[in-house]
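A.B. asks: So that you have it, the file is target_0.cif, and it contains mmCIF, C-alpha atoms:
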```cif
data_entry
#
loop_
_atom_site.label_atom_id
_atom_site.label_comp_id
_atom_site.auth_asym_id
_atom_site.auth_seq_id
_atom_site.Cartn_x
_atom_site.Cartn_y
_atom_site.Cartn_z
CA MET A 50 0.00 0.00 0.00
CA LYS A 51 1.38 3.37 -1.00
CA ILE A 52 2.24 5.68 1.89
CA VAL A 53 0.38 9.01 1.72
CA LYS A 54 2.49 11.83 3.09
CA PRO A 55 1.09 15.08 4.50
CA ASP A 56 1.86 18.42 2.86
CA LEU A 57 5.11 19.01 4.70
CA SER A 58 6.16 21.84 2.41
CA GLY A 59 2.99 23.75 3.27
CA LEU A 60 3.60 23.20 6.97
CA TRP A 61 7.19 24.34 6.59
CA THR A 62 6.16 27.54 4.81
CA ARG A 63 3.68 28.44 7.54
CA ILE A 64 6.30 27.74 10.19
CA CYS A 65 9.00 29.88 8.57
CA VAL A 66 6.85 32.71 7.24
CA GLU A 67 3.92 32.89 9.66
CA ASP A 68 5.52 31.56 12.87
CA ASP A 69 2.66 29.07 12.99
CA MET A 70 3.09 26.91 16.11
CA LYS A 71 0.21 24.60 15.14
CA SER A 72 1.98 23.79 11.87
CA PHE A 73 5.16 23.15 13.84
CA GLU A 74 3.28 20.71 16.09
CA ALA A 75 1.79 19.03 13.01
CA LEU A 76 5.28 18.68 11.51
CA TYR A 77 6.49 17.02 14.70
CA ARG A 78 3.55 14.62 14.71
CA ALA A 79 4.23 13.72 11.09
CA LEU A 80 7.97 13.13 11.40
CA GLY A 81 8.88 12.82 15.08
CA ALA A 82 8.48 9.04 15.38
CA LYS A 83 10.28 8.40 12.08
CA LEU A 84 13.18 10.62 13.05
CA LEU A 85 13.40 8.91 16.44
CA LYS A 86 13.70 5.48 14.82
CA PHE A 87 16.26 6.85 12.38
CA SER A 88 18.41 8.24 15.16
CA VAL A 89 18.22 4.94 17.04
CA TYR A 90 19.74 3.24 13.97
CA TYR A 91 22.91 5.19 14.80
CA VAL A 92 23.00 5.73 18.57
CA SER A 93 21.16 2.53 19.61
CA GLN A 94 19.63 4.26 22.65
CA LYS A 95 16.07 5.54 22.60
CA GLU A 96 16.68 8.11 25.34
CA VAL A 97 19.65 9.60 23.49
CA ALA A 98 17.70 9.56 20.21
CA GLU A 99 14.82 11.42 21.86
CA GLU A 100 17.22 14.14 23.01
CA ILE A 101 18.71 14.41 19.53
CA VAL A 102 15.35 14.70 17.80
CA SER A 103 14.13 17.25 20.36
CA GLU A 104 17.28 19.31 19.87
CA VAL A 105 16.84 19.26 16.10
CA PHE A 106 13.23 20.45 16.34
CA VAL A 107 14.16 23.18 18.82
CA LYS A 108 16.85 24.46 16.46
CA CYS A 109 14.40 24.15 13.59
CA TRP A 110 12.02 26.52 15.36
CA GLN A 111 14.75 28.90 16.50
CA ASN A 112 16.21 29.17 13.00
CA ARG A 113 12.94 29.13 11.08
CA LYS A 114 13.40 32.59 9.59
CA GLU A 115 16.66 31.49 7.98
CA SER A 116 15.19 28.24 6.64
CA THR A 117 12.73 29.47 4.04
CA HIS A 118 15.00 28.12 1.29
CA VAL A 119 14.36 24.50 2.33
CA LEU A 120 12.33 22.75 -0.37
CA ASN A 121 12.10 19.29 1.18
CA PRO A 122 11.67 19.59 4.96
CA GLU A 123 11.58 15.82 5.47
CA THR A 124 14.99 15.30 3.87
CA TYR A 125 16.31 18.39 5.66
CA LEU A 126 15.28 17.06 9.07
CA PHE A 127 16.54 13.55 8.39
CA VAL A 128 19.93 14.97 7.44
CA ALA A 129 19.94 17.12 10.59
CA VAL A 130 19.13 14.12 12.79
CA LYS A 131 21.78 12.02 11.07
CA ASN A 132 24.41 14.72 11.60
CA GLN A 133 23.49 15.14 15.27
CA SER A 134 23.51 11.38 15.81
CA LEU A 135 26.98 11.06 14.28
CA LYS A 136 28.14 14.05 16.32
CA HIS A 137 26.97 12.27 19.46
CA LEU A 138 28.85 9.11 18.50
CA ARG A 139 32.04 11.03 17.84
CA LYS A 140 31.76 12.87 21.14
CA TYR A 141 30.75 10.13 23.54
CA THR A 142 31.92 6.86 22.02
CA ASN A 143 34.73 5.33 20.07
CA VAL A 144 32.28 3.79 17.63
CA HIS A 145 32.95 4.35 13.92
CA LEU A 146 30.39 3.36 11.34
CA VAL A 147 32.24 1.16 8.86
CA GLU A 148 30.68 -0.95 6.13
CA ILE A 149 31.58 -4.50 7.19
CA GLU A 150 29.99 -7.60 5.75
CA ALA A 151 28.57 -9.88 8.43
CA GLN A 152 29.98 -13.37 8.85
CA GLN A 153 28.09 -16.05 6.99
CA GLU A 154 27.31 -17.81 10.27
CA PHE A 155 23.90 -17.43 11.86
CA GLN A 156 22.13 -19.18 14.68
CA PHE A 157 18.41 -19.78 14.71
CA GLN A 158 16.29 -20.91 17.61
CA ASP A 159 13.78 -23.59 16.78
CA SER A 160 10.32 -23.32 18.31
CA THR A 161 8.58 -26.37 19.75
CA ASP A 162 5.24 -24.62 20.24
CA PRO A 163 2.71 -26.00 17.71
CA SER A 164 0.61 -22.84 17.70
CA LYS A 165 0.46 -21.29 14.24
CA GLU A 166 0.06 -17.81 15.73
CA LEU A 167 3.27 -18.24 17.69
CA GLU A 168 4.99 -19.53 14.57
CA ARG A 169 3.96 -16.41 12.68
CA LYS A 170 5.31 -14.24 15.49
CA GLU A 171 8.50 -16.27 15.49
CA LEU A 172 8.99 -15.73 11.78
CA HIS A 173 8.51 -11.98 12.16
CA LEU A 174 11.03 -12.04 15.00
CA LYS A 175 13.46 -13.86 12.71
CA LEU A 176 12.85 -11.21 10.08
CA ASP A 177 13.68 -8.41 12.52
CA THR A 178 16.76 -10.31 13.66
CA ALA A 179 17.85 -10.81 10.06
CA ILE A 180 17.45 -7.09 9.33
CA ASP A 181 19.63 -6.27 12.33
CA THR A 182 22.45 -8.42 10.91
CA LEU A 183 22.66 -6.37 7.71
CA PRO A 184 25.73 -4.14 7.24
CA PRO A 185 25.09 -0.65 8.72
CA GLN A 186 24.49 1.24 5.49
CA ALA A 187 22.38 -1.51 3.90
CA ARG A 188 20.26 -1.72 7.07
CA ILE A 189 19.63 2.03 7.14
CA VAL A 190 18.80 2.14 3.42
CA PHE A 191 16.40 -0.79 3.77
CA LYS A 192 14.60 0.71 6.77
CA LEU A 193 14.28 4.18 5.23
CA ILE A 194 12.65 2.69 2.15
CA LYS A 195 10.60 0.01 3.91
CA GLU A 196 9.43 1.98 6.95
CA ASN A 197 9.27 5.52 5.56
CA GLY A 198 8.39 4.84 1.92
CA MET A 199 11.25 7.00 0.68
CA LYS A 200 12.53 7.02 -2.88
CA TYR A 201 16.10 6.29 -3.90
CA LYS A 202 16.82 9.98 -4.47
CA GLU A 203 15.54 10.98 -1.01
CA VAL A 204 17.62 8.33 0.72
CA ALA A 205 20.65 9.35 -1.33
CA GLU A 206 20.28 12.98 -0.23
CA ILE A 207 19.98 12.00 3.43
CA LEU A 208 22.97 9.64 3.46
CA LYS A 209 25.07 11.70 1.02
CA ILE A 210 25.50 8.82 -1.40
CA SER A 211 24.45 8.30 -5.00
CA PRO A 212 21.01 6.88 -5.95
CA ARG A 213 22.91 4.05 -7.63
CA THR A 214 24.56 3.21 -4.31
CA VAL A 215 21.16 3.25 -2.62
CA GLN A 216 19.88 0.77 -5.19
CA THR A 217 22.94 -1.44 -4.71
CA GLN A 218 22.56 -1.40 -0.93
CA LEU A 219 18.85 -2.25 -1.19
CA PHE A 220 19.54 -5.21 -3.46
CA ARG A 221 22.29 -6.31 -1.08
CA ALA A 222 19.87 -6.13 1.85
CA ILE A 223 17.15 -8.08 0.05
CA THR A 224 19.60 -10.73 -1.15
CA LYS A 225 20.93 -11.29 2.35
CA LEU A 226 17.43 -11.39 3.85
CA ARG A 227 16.40 -13.99 1.31
CA MET A 228 19.42 -16.05 2.31
CA LEU A 229 18.73 -15.71 6.03
CA LEU A 230 15.04 -16.47 5.82
CA GLY A 231 15.78 -19.35 3.46
CA ALA A 232 18.19 -20.76 6.02
CA TYR A 233 15.52 -20.43 8.69
CA HIS A 234 13.06 -22.26 6.48
CA GLU A 235 15.54 -25.08 5.94
CA LEU A 236 15.98 -25.40 9.70
CA ASP A 237 12.25 -25.36 10.23
CA HIS A 238 11.85 -28.15 7.65
CA ARG A 239 12.20 -30.64 10.49
CA LYS A 240 8.70 -29.78 11.64
CA SER A 241 5.52 -31.44 10.43
CA SER A 242 4.53 -30.96 6.79
CA SER A 243 1.50 -28.84 7.70
CA ASN A 244 3.53 -26.42 9.78
CA ASP A 245 6.23 -26.42 7.11
CA LEU A 246 3.67 -25.40 4.51
CA VAL A 247 2.44 -22.52 6.67
CA ASN A 248 5.98 -21.20 7.09
CA LEU A 249 6.74 -21.55 3.39
CA VAL A 250 3.65 -19.56 2.43
CA MET A 251 4.58 -16.86 4.93
CA LEU A 252 8.15 -16.77 3.65
CA LEU A 253 7.02 -16.33 0.06
CA ALA A 254 4.54 -13.61 1.09
CA ILE A 255 7.23 -11.65 2.93
CA MET A 256 9.70 -11.90 0.07
CA HIS A 257 6.98 -10.83 -2.40
CA TYR A 258 6.52 -7.71 -0.26
CA PHE A 259 10.25 -7.01 -0.36
CA PHE A 260 10.42 -7.18 -4.15
CA ASN A 261 7.43 -4.87 -4.42
CA LEU A 262 9.70 -2.21 -2.92
CA LEU A 263 11.83 -2.09 -6.09
#
```
Translate this file's structure into structure tokens.

C.D. replies:
Amino acid sequence: MKIVKPDLSGLWTRICVEDDMKSFEALYRALGAKLLKFSVYYVSQKEVAEEIVSEVFVKCWQNRKESTHVLNPETYLFVAVKNQSLKHLRKYTNVHLVEIEAQQEFQFQDSTDPSKELERKELHLKLDTAIDTLPPQARIVFKLIKENGMKYKEVAEILKISPRTVQTQLFRAITKLRMLLGAYHELDHRKSSSNDLVNLVMLLAIMHYFFNLL
């Protein structure tokens, strides 16, 4: 289902030109949660991410008169949150974001509960776990497109990479997820044929959703 975005440009104009606090609150409601998740991708701590997002919005309001030139407020705010998140990492940790391929060794926990509902939840948990094993840049690209419905160009502007690199990273993410979920399905093959069929159908449905992103 296509994600319908609010008129952020209109909100931004009213904020910058008319000092409209209601539009500012609407902008926060529209983007606050997304920006929080995005910051967590980098800092891994919700409390820190909340402070970063709050600081960005405060500066956004304080500098609104100098920000009338911004044409895409969503991209602008994502870039601001990314920069603040990286600034936090440089200041308080020794962590450096480096593109490193994960080892081709993964462990999966088998479930002995026969409940189909629990099996579906387990598969979704495996999906989330698989996403977390992606290389940093591929994981961020995948989540921006999957969770925020962004286009290649928007993601490229936020991460300061080319749209071609975004496409490459997305294909890399999908390929690795197919491998991981396929491995999980092979492990789960030890279960009864009926349960195995349920998992296979779910696996195909999830992968169909992934390829619809392209």

A.B. asks: Need to verify the contact set: Lys83 (chain A), 12 Å, only C-alpha atoms, exclusion of same-chain residues closer than 2 positions in sequence. Can you return it as a list in words?

C.D. replies: Leu76, Tyr77, Arg78, Ala79, Leu80, Gly81, Leu85, Lys86, Phe87, Ser88, Val89, Tyr90, Ala98, Glu99, Val102, Glu123, Thr124, Leu126, Phe127, Val130, Lys192, Leu193, Ile194, Lys195, Glu196, Asn197, Gly198 and Met199 of chain A

A.B. asks: One decimal, in Å: what's the spacing between CA of Leu183 (chain A) and CA of Ala222 (chain A)?

C.D. replies: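 One can read the CA of Leu183 (chain A) to CA of Ala222 (chain A) distance as 6.5 Å.
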
A.B. asks: Taking into account all atoms listed in the file, which residue in the set A:Gly231, A:Lys71, A:Leu57, A:Val92 is nearest to Lys140 (chain A)?

C.D. replies: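 Selected residue with least distance to Lys140 (chain A): A:Val92.
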
A.B. asks: Would you write out, as a VMD selection string, every residue that the PyMOL selection byres ((chain A and resi 191) around 12) captures in this file?

C.D. replies: chain A and resid 87 90 177 179 to 181 183 to 190 192 to 201 204 215 to 226 259 to 260 262 to 263

A.B. asks: CA of Cys65 (chain A) and CA of Thr117 (chain A) are how many Å apart?

C.D. replies: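 So the answer is 5.9 Å.
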